[in-house]
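**Q** One file is attached below, entry12.tsv, containing TSV, C-alpha atoms.
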chain	number	residue	atom	x	y	z
A	1	MET	CA	75.76	134.21	-4.93
A	2	GLU	CA	74.13	130.84	-4.11
A	3	GLU	CA	76.83	128.88	-5.98
A	4	ASN	CA	79.57	130.17	-3.67
A	5	LYS	CA	77.68	129.28	-0.48
A	6	LEU	CA	79.78	126.88	1.54
A	7	ASP	CA	78.27	123.51	2.54
A	8	GLU	CA	78.37	123.53	6.31
A	9	ASN	CA	78.98	119.75	6.31
A	10	ALA	CA	82.00	119.96	4.00
A	11	LEU	CA	85.12	118.85	5.87
A	12	PRO	CA	88.15	118.41	3.54
A	13	PHE	CA	90.34	121.49	3.47
A	14	GLU	CA	91.57	120.63	-0.04
A	15	ALA	CA	88.17	121.45	-1.45
A	16	ASN	CA	88.00	124.76	0.42
A	17	GLU	CA	91.49	125.71	-0.73
A	18	THR	CA	90.53	125.01	-4.35
A	19	VAL	CA	87.47	127.23	-4.06
A	20	ASN	CA	89.49	129.99	-2.42
A	21	ALA	CA	92.22	129.76	-5.07
A	22	SER	CA	89.66	130.02	-7.87
A	23	ALA	CA	87.99	132.95	-6.19
A	24	GLU	CA	91.33	134.78	-5.91
A	25	ALA	CA	92.24	134.04	-9.53
A	26	GLN	CA	89.02	135.50	-10.97
A	27	PRO	CA	88.93	139.30	-11.24
A	28	THR	CA	85.98	140.88	-9.54
A	29	ALA	CA	84.24	144.15	-10.09
A	30	ALA	CA	86.04	147.17	-8.66
A	31	SER	CA	85.19	147.56	-5.04
A	32	PRO	CA	86.58	149.90	-2.43
A	33	GLU	CA	89.59	148.39	-0.72
A	34	PRO	CA	89.47	148.09	3.06
A	35	VAL	CA	90.95	151.09	4.72
A	36	CYS	CA	94.11	150.35	6.66
A	37	GLU	CA	93.85	152.22	9.90
A	38	CYS	CA	97.31	151.27	11.12
A	39	LYS	CA	98.94	154.28	12.68
A	40	GLU	CA	102.47	153.20	11.77
A	41	GLU	CA	102.38	152.81	7.97
A	42	LYS	CA	105.90	151.39	7.80
A	43	LYS	CA	104.95	148.44	9.98
A	44	CYS	CA	101.60	147.91	8.24
A	45	LYS	CA	102.78	146.16	5.08
A	46	CYS	CA	99.51	144.33	4.30
A	47	LYS	CA	95.92	145.39	4.07
A	48	CYS	CA	93.87	145.16	7.25
A	49	LEU	CA	91.14	142.53	7.29
A	50	PRO	CA	87.65	143.64	8.31
A	51	ILE	CA	86.67	142.65	11.85
A	52	VAL	CA	83.99	140.23	10.61
A	53	ASN	CA	86.53	138.31	8.51
A	54	CYS	CA	88.85	138.06	11.50
A	55	ILE	CA	86.05	136.60	13.63
A	56	LEU	CA	85.16	134.07	10.92
A	57	LEU	CA	88.81	133.08	10.57
A	58	VAL	CA	89.15	132.48	14.32
A	59	GLY	CA	85.89	130.50	14.28
A	60	LEU	CA	87.13	128.23	11.48
A	61	ILE	CA	90.39	127.61	13.32
A	62	LEU	CA	88.54	126.65	16.53
A	63	LEU	CA	86.14	124.42	14.58
A	64	TYR	CA	89.09	122.61	13.03
A	65	ILE	CA	90.73	122.10	16.43
A	66	PHE	CA	87.56	120.77	18.11
A	67	HIS	CA	86.57	118.61	15.13
A	68	PHE	CA	89.85	116.87	14.41
A	69	THR	CA	91.50	116.73	17.82
A	70	GLY	CA	88.48	115.73	19.93
A	71	ILE	CA	88.95	118.64	22.33
A	72	GLY	CA	85.72	119.26	24.17
A	73	ALA	CA	84.59	115.63	24.12
A	74	LYS	CA	82.45	114.55	27.01
A	75	GLY	CA	84.49	113.69	30.06
A	76	GLY	CA	87.57	115.43	28.73
A	77	LYS	CA	89.34	112.11	28.09
A	78	SER	CA	91.08	111.26	24.85
A	79	LEU	CA	89.91	108.14	23.04
A	80	ALA	CA	91.82	108.87	19.83
A	81	ASN	CA	93.19	105.69	18.22
A	82	ALA	CA	95.79	105.92	15.47
A	83	ASP	CA	94.93	102.35	14.42
A	84	ALA	CA	91.18	102.98	14.09
A	85	LYS	CA	89.70	101.20	11.08
A	86	ALA	CA	89.09	103.51	8.14
A	87	PRO	CA	85.41	103.84	7.12
A	88	VAL	CA	84.21	101.88	4.09
A	89	ALA	CA	82.71	104.22	1.51
A	90	VAL	CA	79.08	103.26	0.94
A	91	SER	CA	78.84	105.60	-2.01
A	92	GLU	CA	80.47	108.81	-3.14
A	93	ASN	CA	79.66	111.49	-0.57
A	94	GLY	CA	77.37	108.93	1.13
A	95	LEU	CA	76.90	107.78	4.70
A	96	LYS	CA	79.78	106.25	6.63
A	97	ILE	CA	78.35	103.07	8.18
A	98	ALA	CA	79.79	100.47	10.56
A	99	TYR	CA	78.38	97.68	12.70
A	100	ILE	CA	79.21	95.94	15.96
A	101	ASN	CA	78.46	92.30	16.72
A	102	THR	CA	76.86	92.64	20.15
A	103	ASP	CA	77.02	88.89	20.82
A	104	SER	CA	80.80	88.93	20.43
A	105	LEU	CA	81.08	92.15	22.39
A	106	LEU	CA	79.32	90.69	25.44
A	107	THR	CA	81.49	87.55	25.39
A	108	LYS	CA	84.76	89.51	25.09
A	109	TYR	CA	84.08	92.63	27.16
A	110	GLN	CA	85.56	92.00	30.61
A	111	TYR	CA	83.05	94.27	32.34
A	112	ALA	CA	80.19	92.18	30.92
A	113	LEU	CA	81.91	88.96	32.03
A	114	ASP	CA	82.54	90.30	35.55
A	115	LEU	CA	78.98	91.60	35.82
A	116	ASP	CA	77.56	88.24	34.75
A	117	LYS	CA	79.56	86.52	37.51
A	118	GLN	CA	78.46	89.10	40.09
A	119	LEU	CA	74.80	88.61	39.22
A	120	LYS	CA	75.14	84.83	39.38
A	121	ASP	CA	76.81	85.07	42.80
A	122	PHE	CA	74.06	87.42	44.01
A	123	ARG	CA	71.33	85.05	42.81
A	124	THR	CA	73.10	82.05	44.34
A	125	ALA	CA	73.42	83.81	47.71
A	126	LYS	CA	69.70	84.61	47.76
A	127	GLU	CA	68.78	81.06	46.77
A	128	ASN	CA	71.04	79.58	49.47
A	129	SER	CA	69.55	81.85	52.10
A	130	TYR	CA	66.05	80.72	51.16
A	131	LYS	CA	67.02	77.04	51.07
A	132	GLN	CA	68.60	77.20	54.52
A	133	GLN	CA	65.47	78.72	56.03
A	134	MET	CA	63.25	76.25	54.20
A	135	THR	CA	65.37	73.29	55.34
A	136	GLN	CA	65.22	74.42	58.96
A	137	PHE	CA	61.48	74.87	58.75
A	138	GLN	CA	61.03	71.38	57.32
A	139	LYS	CA	63.06	69.88	60.19
A	140	ASP	CA	61.01	71.72	62.80
A	141	TYR	CA	57.75	70.76	61.10
A	142	ASP	CA	58.70	67.07	60.80
A	143	ALA	CA	59.84	66.97	64.42
A	144	TYR	CA	56.51	68.37	65.58
A	145	ILE	CA	54.47	65.99	63.43
A	146	LYS	CA	56.45	62.91	64.49
A	147	GLY	CA	56.38	63.90	68.12
A	148	GLY	CA	52.62	64.29	68.03
A	149	GLY	CA	52.78	67.12	70.50
A	150	GLU	CA	54.20	64.93	73.25
A	151	ASN	CA	54.81	66.71	76.51
A	152	MET	CA	52.75	69.67	75.24
A	153	THR	CA	49.54	71.03	76.60
A	154	LEU	CA	46.72	71.85	74.20
A	155	SER	CA	47.52	75.55	74.32
A	156	GLN	CA	51.21	74.80	73.64
A	157	GLN	CA	50.29	72.66	70.63
A	158	GLN	CA	48.11	75.44	69.26
A	159	ALA	CA	50.92	77.96	69.76
A	160	LYS	CA	53.42	75.67	67.99
A	161	GLU	CA	51.09	75.11	65.05
A	162	LYS	CA	50.45	78.83	64.79
A	163	GLU	CA	54.20	79.47	64.76
A	164	LEU	CA	54.79	76.89	62.00
A	165	THR	CA	51.96	78.29	59.91
A	166	SER	CA	53.34	81.80	60.25
A	167	ARG	CA	56.84	80.65	59.27
A	168	MET	CA	55.47	78.84	56.22
A	169	GLN	CA	53.62	81.93	55.05
A	170	ARG	CA	56.74	83.99	55.59
A	171	LEU	CA	58.84	81.60	53.51
A	172	GLN	CA	56.32	81.74	50.68
A	173	SER	CA	56.51	85.54	50.67
A	174	LEU	CA	60.31	85.46	51.00
A	175	GLU	CA	60.67	83.35	47.86
A	176	ALA	CA	58.81	85.97	45.81
A	177	GLU	CA	60.77	88.82	47.44
A	178	LEU	CA	64.14	87.24	46.68
A	179	SER	CA	63.17	86.57	43.08
A	180	GLN	CA	62.12	90.21	42.74
A	181	GLN	CA	65.42	91.41	44.23
A	182	VAL	CA	67.41	89.32	41.75
A	183	ALA	CA	65.33	90.57	38.81
A	184	GLU	CA	65.64	94.23	39.84
A	185	LYS	CA	69.40	94.04	40.40
A	186	THR	CA	69.89	92.30	37.04
A	187	LEU	CA	67.86	94.95	35.24
A	188	THR	CA	69.58	97.88	36.99
A	189	GLU	CA	73.13	96.61	36.43
A	190	SER	CA	72.40	95.65	32.82
A	191	GLU	CA	71.07	99.14	32.09
A	192	LYS	CA	74.17	100.70	33.64
A	193	MET	CA	76.44	98.56	31.46
A	194	THR	CA	74.42	99.23	28.31
A	195	ASN	CA	74.49	102.98	28.89
A	196	ALA	CA	78.23	102.84	29.53
A	197	ILE	CA	78.79	100.99	26.22
A	198	TYR	CA	76.57	103.39	24.23
A	199	ASN	CA	78.25	106.46	25.69
A	200	PHE	CA	81.72	105.04	25.11
A	201	ILE	CA	80.96	104.26	21.46
A	202	ARG	CA	79.61	107.79	20.99
A	203	ASP	CA	82.75	109.42	22.42
A	204	TYR	CA	85.12	106.99	20.67
A	205	ASN	CA	83.45	107.57	17.32
A	206	ALA	CA	83.60	111.36	17.77
A	207	GLN	CA	87.37	111.20	18.27
A	208	ASN	CA	88.15	108.65	15.56
A	209	GLN	CA	86.23	107.50	12.47
A	210	GLN	CA	83.15	109.68	12.92
A	211	PHE	CA	80.74	107.21	11.35
A	212	ASP	CA	77.30	108.55	10.50
A	213	LEU	CA	75.64	105.28	11.53
A	214	ILE	CA	76.78	102.38	13.74
A	215	LEU	CA	74.47	99.35	13.71
A	216	ALA	CA	74.12	96.50	16.19
A	217	LYS	CA	74.38	93.00	14.75
A	218	SER	CA	73.02	90.14	16.83
A	219	PHE	CA	72.23	86.52	16.04
A	220	SER	CA	68.84	86.61	17.74
A	221	SER	CA	67.40	90.07	17.07
A	222	SER	CA	69.49	91.85	14.45
A	223	PRO	CA	67.90	93.17	11.23
A	224	ILE	CA	71.32	92.79	9.54
A	225	LEU	CA	71.63	89.56	7.57
A	226	TYR	CA	74.95	90.44	5.95
A	227	GLY	CA	77.51	93.17	6.35
A	228	ASN	CA	80.77	93.96	4.60
A	229	GLU	CA	83.52	92.73	6.93
A	230	GLY	CA	85.31	96.03	6.37
A	231	MET	CA	82.46	97.68	8.28
A	232	ASP	CA	82.84	95.39	11.32
A	233	ILE	CA	84.49	97.38	14.14
A	234	THR	CA	83.62	94.91	16.92
A	235	ASP	CA	87.17	93.95	17.91
A	236	GLU	CA	88.34	97.55	17.81
A	237	ILE	CA	85.56	98.68	20.14
A	238	VAL	CA	86.00	95.68	22.48
A	239	ASN	CA	89.74	96.36	22.81
A	240	ALA	CA	89.09	100.02	23.57
A	241	LEU	CA	86.36	99.13	26.11
A	242	ASN	CA	88.61	96.63	27.87
A	243	GLU	CA	91.42	99.16	28.01
A	244	GLU	CA	89.12	101.69	29.68
A	245	TYR	CA	87.70	99.07	32.09
A	246	ALA	CA	91.18	97.95	33.12
A	247	LYS	CA	92.03	101.56	34.05
A	248	VAL	CA	88.79	101.90	36.03
A	249	LYS	CA	89.47	98.70	38.00
A	250	GLU	CA	93.05	99.74	38.67
A	251	ALA	CA	91.90	103.11	40.02
A	252	LYS	CA	89.56	101.51	42.58
Could the structure of this file be written out as structure tokens, please?
**A**
Amino acid sequence: MEENKLDENALPFEANETVNASAEAQPTAASPEPVCECKEEKKCKCKCLPIVNCILLVGLILLYIFHFTGIGAKGGKSLANADAKAPVAVSENGLKIAYINTDSLLTKYQYALDLDKQLKDFRTAKENSYKQQMTQFQKDYDAYIKGGGENMTLSQQQAKEKELTSRMQRLQSLEAELSQQVAEKTLTESEKMTNAIYNFIRDYNAQNQQFDLILAKSFSSSPILYGNEGMDITDEIVNALNEEYAKVKEAK
């Protein structure tokens, strides 16, 4: 019957046990009992379950194990946290929602802080390299202008001017190239970090609270103007991220 159809999203076992108890208490129309094919009747004290029921029972047991223990999570690592914040009920049987303050996350996540320093050092190194070449060019150019081509033949002067012009053009191109290198590295490393955070939150959530929706709250671009503080899991996620990052750095 349609009323007895189990909701595939129903999780609590208490509800299932109540349904099963009620079903066992109500008498049903006479139906042929399953035939017990046990060869040794003395050892077969209970009725044999049909093969289909056995398969379903095993399936439910495996589903329980995977769902509540996190076995089978991506990467095979356990992110279970006994101190994970309990979800705030939005409404009875409603969505479980949480949010993360991304501004706070980026200022507290050590990986983000280390990456920011690495990108600044990379940009500084490129800028210093350009400045050194530009400074040397300026010295050579000023020396040639002040000297007026003394002790140089006309062909030598033309060769020197051609060299300086070529170096100037090269420096102009180099400035654009270095800026492009800095922009590309910043974009690539930022994408790697963002993907790492998203994937971590996905795996962490699967092994802990199992929120239906986790929102990003940001001062500059967030659509969230207010959120119940009980739904804020920022610190919890940051602590878990830093713990994972510390292990990764130690393993290097």
**Q** For A:Thr188, which residue among A:Leu215, A:Phe137, A:Leu119, A:Lys252 is the nearest when counting only C-alpha atoms?
**A**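 Looking at the shortest contact to A:Thr188, the residue is A:Leu119.
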**Q** Can you write out as JSON lines which residues of stretch 101-177 of chain A fall within 12 Å of stretch 227-242 of chain A, alongside each residue's closest atom pair and its distance in Å to one decimal, counting all atoms listed in the file and ordering rows by chain and ascending residue number?
**A**
{"residue": "A:Asn101", "atom": "CA", "partner": "A:Thr234", "partner_atom": "CA", "distance": 5.8}
{"residue": "A:Thr102", "atom": "CA", "partner": "A:Thr234", "partner_atom": "CA", "distance": 7.8}
{"residue": "A:Asp103", "atom": "CA", "partner": "A:Thr234", "partner_atom": "CA", "distance": 9.7}
{"residue": "A:Ser104", "atom": "CA", "partner": "A:Thr234", "partner_atom": "CA", "distance": 7.5}
{"residue": "A:Leu105", "atom": "CA", "partner": "A:Val238", "partner_atom": "CA", "distance": 6.1}
{"residue": "A:Leu106", "atom": "CA", "partner": "A:Val238", "partner_atom": "CA", "distance": 8.8}
{"residue": "A:Thr107", "atom": "CA", "partner": "A:Val238", "partner_atom": "CA", "distance": 9.7}
{"residue": "A:Lys108", "atom": "CA", "partner": "A:Val238", "partner_atom": "CA", "distance": 6.8}
{"residue": "A:Tyr109", "atom": "CA", "partner": "A:Val238", "partner_atom": "CA", "distance": 5.9}
{"residue": "A:Gln110", "atom": "CA", "partner": "A:Asn242", "partner_atom": "CA", "distance": 6.2}
{"residue": "A:Tyr111", "atom": "CA", "partner": "A:Asn242", "partner_atom": "CA", "distance": 7.5}
{"residue": "A:Ala112", "atom": "CA", "partner": "A:Asn242", "partner_atom": "CA", "distance": 10.0}
{"residue": "A:Leu113", "atom": "CA", "partner": "A:Asn242", "partner_atom": "CA", "distance": 11.0}
{"residue": "A:Asp114", "atom": "CA", "partner": "A:Asn242", "partner_atom": "CA", "distance": 11.7}
**Q** Atom CA of A:Asp212 to atom CA of A:Lys96: how many Å, to one decimal?
**A**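 The value is 5.1 Å.
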**Q** State, in Å with one decimal place, the distance from atom CA of A:Thr194 to atom CA of A:Ala251.
**A**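 Distance reported for this atom pair: 21.4 Å.
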**Q** From the options A:Tyr141, A:Gln133, A:Asp203, A:Phe219, which residue's atoms come nearest to A:Lys162, counting all atoms listed in the file?
**A**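 That would be A:Tyr141, the residue with the smallest distance to A:Lys162.
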**Q** Can I get N, CA and C atoms for stretch 154-197 of chain A, as a PDB file, in the first residue's frame?
**A**
ATOM      1  N   LEU A 154      81.340  56.950 -36.356  1.00  0.00           N
ATOM      2  CA  LEU A 154      79.921  57.088 -36.677  1.00  0.00           C
ATOM      3  C   LEU A 154      79.216  55.735 -36.660  1.00  0.00           C
ATOM      4  N   SER A 155      79.862  54.734 -37.205  1.00  0.00           N
ATOM      5  CA  SER A 155      79.253  53.403 -37.225  1.00  0.00           C
ATOM      6  C   SER A 155      79.114  52.846 -35.807  1.00  0.00           C
ATOM      7  N   GLN A 156      80.087  53.141 -34.940  1.00  0.00           N
ATOM      8  CA  GLN A 156      80.017  52.692 -33.546  1.00  0.00           C
ATOM      9  C   GLN A 156      78.878  53.391 -32.800  1.00  0.00           C
ATOM     10  N   GLN A 157      78.702  54.679 -33.069  1.00  0.00           N
ATOM     11  CA  GLN A 157      77.603  55.418 -32.449  1.00  0.00           C
ATOM     12  C   GLN A 157      76.251  54.835 -32.878  1.00  0.00           C
ATOM     13  N   GLN A 158      76.131  54.549 -34.158  1.00  0.00           N
ATOM     14  CA  GLN A 158      74.881  53.974 -34.659  1.00  0.00           C
ATOM     15  C   GLN A 158      74.617  52.603 -34.025  1.00  0.00           C
ATOM     16  N   ALA A 159      75.663  51.807 -33.862  1.00  0.00           N
ATOM     17  CA  ALA A 159      75.527  50.486 -33.256  1.00  0.00           C
ATOM     18  C   ALA A 159      75.109  50.605 -31.795  1.00  0.00           C
ATOM     19  N   LYS A 160      75.701  51.595 -31.080  1.00  0.00           N
ATOM     20  CA  LYS A 160      75.357  51.804 -29.667  1.00  0.00           C
ATOM     21  C   LYS A 160      73.916  52.262 -29.518  1.00  0.00           C
ATOM     22  N   GLU A 161      73.500  53.176 -30.371  1.00  0.00           N
ATOM     23  CA  GLU A 161      72.118  53.654 -30.307  1.00  0.00           C
ATOM     24  C   GLU A 161      71.122  52.547 -30.643  1.00  0.00           C
ATOM     25  N   LYS A 162      71.493  51.710 -31.591  1.00  0.00           N
ATOM     26  CA  LYS A 162      70.629  50.583 -31.944  1.00  0.00           C
ATOM     27  C   LYS A 162      70.513  49.612 -30.770  1.00  0.00           C
ATOM     28  N   GLU A 163      71.619  49.394 -30.086  1.00  0.00           N
ATOM     29  CA  GLU A 163      71.614  48.500 -28.918  1.00  0.00           C
ATOM     30  C   GLU A 163      70.712  49.046 -27.812  1.00  0.00           C
ATOM     31  N   LEU A 164      70.842  50.363 -27.527  1.00  0.00           N
ATOM     32  CA  LEU A 164      70.035  50.983 -26.473  1.00  0.00           C
ATOM     33  C   LEU A 164      68.539  50.953 -26.814  1.00  0.00           C
ATOM     34  N   THR A 165      68.252  51.190 -28.088  1.00  0.00           N
ATOM     35  CA  THR A 165      66.846  51.142 -28.521  1.00  0.00           C
ATOM     36  C   THR A 165      66.276  49.744 -28.352  1.00  0.00           C
ATOM     37  N   SER A 166      67.053  48.758 -28.719  1.00  0.00           N
ATOM     38  CA  SER A 166      66.608  47.365 -28.597  1.00  0.00           C
ATOM     39  C   SER A 166      66.390  46.989 -27.128  1.00  0.00           C
ATOM     40  N   ARG A 167      67.304  47.440 -26.257  1.00  0.00           N
ATOM     41  CA  ARG A 167      67.152  47.139 -24.826  1.00  0.00           C
ATOM     42  C   ARG A 167      65.922  47.824 -24.243  1.00  0.00           C
ATOM     43  N   MET A 168      65.627  49.028 -24.682  1.00  0.00           N
ATOM     44  CA  MET A 168      64.465  49.753 -24.197  1.00  0.00           C
ATOM     45  C   MET A 168      63.178  49.044 -24.603  1.00  0.00           C
ATOM     46  N   GLN A 169      63.124  48.594 -25.839  1.00  0.00           N
ATOM     47  CA  GLN A 169      61.950  47.863 -26.308  1.00  0.00           C
ATOM     48  C   GLN A 169      61.761  46.553 -25.538  1.00  0.00           C
ATOM     49  N   ARG A 170      62.910  45.918 -25.269  1.00  0.00           N
ATOM     50  CA  ARG A 170      62.853  44.662 -24.512  1.00  0.00           C
ATOM     51  C   ARG A 170      62.330  44.889 -23.094  1.00  0.00           C
ATOM     52  N   LEU A 171      62.763  45.973 -22.463  1.00  0.00           N
ATOM     53  CA  LEU A 171      62.305  46.277 -21.106  1.00  0.00           C
ATOM     54  C   LEU A 171      60.808  46.593 -21.079  1.00  0.00           C
ATOM     55  N   GLN A 172      60.331  47.263 -22.112  1.00  0.00           N
ATOM     56  CA  GLN A 172      58.905  47.554 -22.180  1.00  0.00           C
ATOM     57  C   GLN A 172      58.088  46.264 -22.297  1.00  0.00           C
ATOM     58  N   SER A 173      58.566  45.326 -23.090  1.00  0.00           N
ATOM     59  CA  SER A 173      57.889  44.038 -23.228  1.00  0.00           C
ATOM     60  C   SER A 173      58.002  43.225 -21.946  1.00  0.00           C
ATOM     61  N   LEU A 174      59.177  43.308 -21.295  1.00  0.00           N
ATOM     62  CA  LEU A 174      59.416  42.540 -20.075  1.00  0.00           C
ATOM     63  C   LEU A 174      58.474  42.971 -18.961  1.00  0.00           C
ATOM     64  N   GLU A 175      58.197  44.253 -18.873  1.00  0.00           N
ATOM     65  CA  GLU A 175      57.287  44.741 -17.831  1.00  0.00           C
ATOM     66  C   GLU A 175      55.910  44.102 -17.972  1.00  0.00           C
ATOM     67  N   ALA A 176      55.406  44.021 -19.199  1.00  0.00           N
ATOM     68  CA  ALA A 176      54.096  43.399 -19.439  1.00  0.00           C
ATOM     69  C   ALA A 176      54.149  41.895 -19.167  1.00  0.00           C
ATOM     70  N   GLU A 177      55.253  41.259 -19.537  1.00  0.00           N
ATOM     71  CA  GLU A 177      55.395  39.813 -19.325  1.00  0.00           C
ATOM     72  C   GLU A 177      55.402  39.470 -17.835  1.00  0.00           C
ATOM     73  N   LEU A 178      56.144  40.245 -17.064  1.00  0.00           N
ATOM     74  CA  LEU A 178      56.228  39.986 -15.629  1.00  0.00           C
ATOM     75  C   LEU A 178      54.884  40.219 -14.947  1.00  0.00           C
ATOM     76  N   SER A 179      54.180  41.229 -15.359  1.00  0.00           N
ATOM     77  CA  SER A 179      52.848  41.485 -14.800  1.00  0.00           C
ATOM     78  C   SER A 179      51.904  40.331 -15.115  1.00  0.00           C
ATOM     79  N   GLN A 180      52.002  39.793 -16.328  1.00  0.00           N
ATOM     80  CA  GLN A 180      51.182  38.664 -16.732  1.00  0.00           C
ATOM     81  C   GLN A 180      51.532  37.417 -15.919  1.00  0.00           C
ATOM     82  N   GLN A 181      52.812  37.190 -15.677  1.00  0.00           N
ATOM     83  CA  GLN A 181      53.244  36.037 -14.884  1.00  0.00           C
ATOM     84  C   GLN A 181      52.694  36.108 -13.464  1.00  0.00           C
ATOM     85  N   VAL A 182      52.740  37.289 -12.866  1.00  0.00           N
ATOM     86  CA  VAL A 182      52.222  37.471 -11.506  1.00  0.00           C
ATOM     87  C   VAL A 182      50.714  37.221 -11.474  1.00  0.00           C
ATOM     88  N   ALA A 183      49.995  37.758 -12.468  1.00  0.00           N
ATOM     89  CA  ALA A 183      48.539  37.589 -12.515  1.00  0.00           C
ATOM     90  C   ALA A 183      48.162  36.123 -12.700  1.00  0.00           C
ATOM     91  N   GLU A 184      48.860  35.417 -13.576  1.00  0.00           N
ATOM     92  CA  GLU A 184      48.550  34.010 -13.830  1.00  0.00           C
ATOM     93  C   GLU A 184      48.839  33.135 -12.617  1.00  0.00           C
ATOM     94  N   LYS A 185      49.960  33.381 -11.955  1.00  0.00           N
ATOM     95  CA  LYS A 185      50.299  32.588 -10.768  1.00  0.00           C
ATOM     96  C   LYS A 185      49.289  32.847  -9.646  1.00  0.00           C
ATOM     97  N   THR A 186      48.894  34.097  -9.477  1.00  0.00           N
ATOM     98  CA  THR A 186      47.912  34.436  -8.439  1.00  0.00           C
ATOM     99  C   THR A 186      46.590  33.737  -8.701  1.00  0.00           C
ATOM    100  N   LEU A 187      46.148  33.743  -9.958  1.00  0.00           N
ATOM    101  CA  LEU A 187      44.881  33.104 -10.310  1.00  0.00           C
ATOM    102  C   LEU A 187      44.960  31.589 -10.111  1.00  0.00           C
ATOM    103  N   THR A 188      46.039  30.976 -10.570  1.00  0.00           N
ATOM    104  CA  THR A 188      46.195  29.522 -10.468  1.00  0.00           C
ATOM    105  C   THR A 188      46.231  29.057  -9.017  1.00  0.00           C
ATOM    106  N   GLU A 189      47.048  29.723  -8.199  1.00  0.00           N
ATOM    107  CA  GLU A 189      47.175  29.316  -6.794  1.00  0.00           C
ATOM    108  C   GLU A 189      45.896  29.594  -6.013  1.00  0.00           C
ATOM    109  N   SER A 190      45.204  30.674  -6.342  1.00  0.00           N
ATOM    110  CA  SER A 190      43.941  30.984  -5.662  1.00  0.00           C
ATOM    111  C   SER A 190      42.872  29.946  -5.991  1.00  0.00           C
ATOM    112  N   GLU A 191      42.836  29.505  -7.245  1.00  0.00           N
ATOM    113  CA  GLU A 191      41.882  28.466  -7.637  1.00  0.00           C
ATOM    114  C   GLU A 191      42.175  27.151  -6.923  1.00  0.00           C
ATOM    115  N   LYS A 192      43.451  26.812  -6.795  1.00  0.00           N
ATOM    116  CA  LYS A 192      43.835  25.586  -6.092  1.00  0.00           C
ATOM    117  C   LYS A 192      43.380  25.642  -4.631  1.00  0.00           C
ATOM    118  N   MET A 193      43.586  26.772  -3.983  1.00  0.00           N
ATOM    119  CA  MET A 193      43.184  26.913  -2.586  1.00  0.00           C
ATOM    120  C   MET A 193      41.665  26.863  -2.443  1.00  0.00           C
ATOM    121  N   THR A 194      40.955  27.548  -3.336  1.00  0.00           N
ATOM    122  CA  THR A 194      39.498  27.561  -3.275  1.00  0.00           C
ATOM    123  C   THR A 194      38.928  26.157  -3.460  1.00  0.00           C
ATOM    124  N   ASN A 195      39.455  25.425  -4.427  1.00  0.00           N
ATOM    125  CA  ASN A 195      38.992  24.054  -4.645  1.00  0.00           C
ATOM    126  C   ASN A 195      39.280  23.174  -3.435  1.00  0.00           C
ATOM    127  N   ALA A 196      40.445  23.371  -2.822  1.00  0.00           N
ATOM    128  CA  ALA A 196      40.798  22.590  -1.641  1.00  0.00           C
ATOM    129  C   ALA A 196      39.823  22.866  -0.498  1.00  0.00           C
ATOM    130  N   ILE A 197      39.447  24.127  -0.318  1.00  0.00           N
ATOM    131  CA  ILE A 197      38.502  24.493   0.752  1.00  0.00           C
ATOM    132  C   ILE A 197      37.129  23.891   0.473  1.00  0.00           C
TER     133      ILE A 197
END
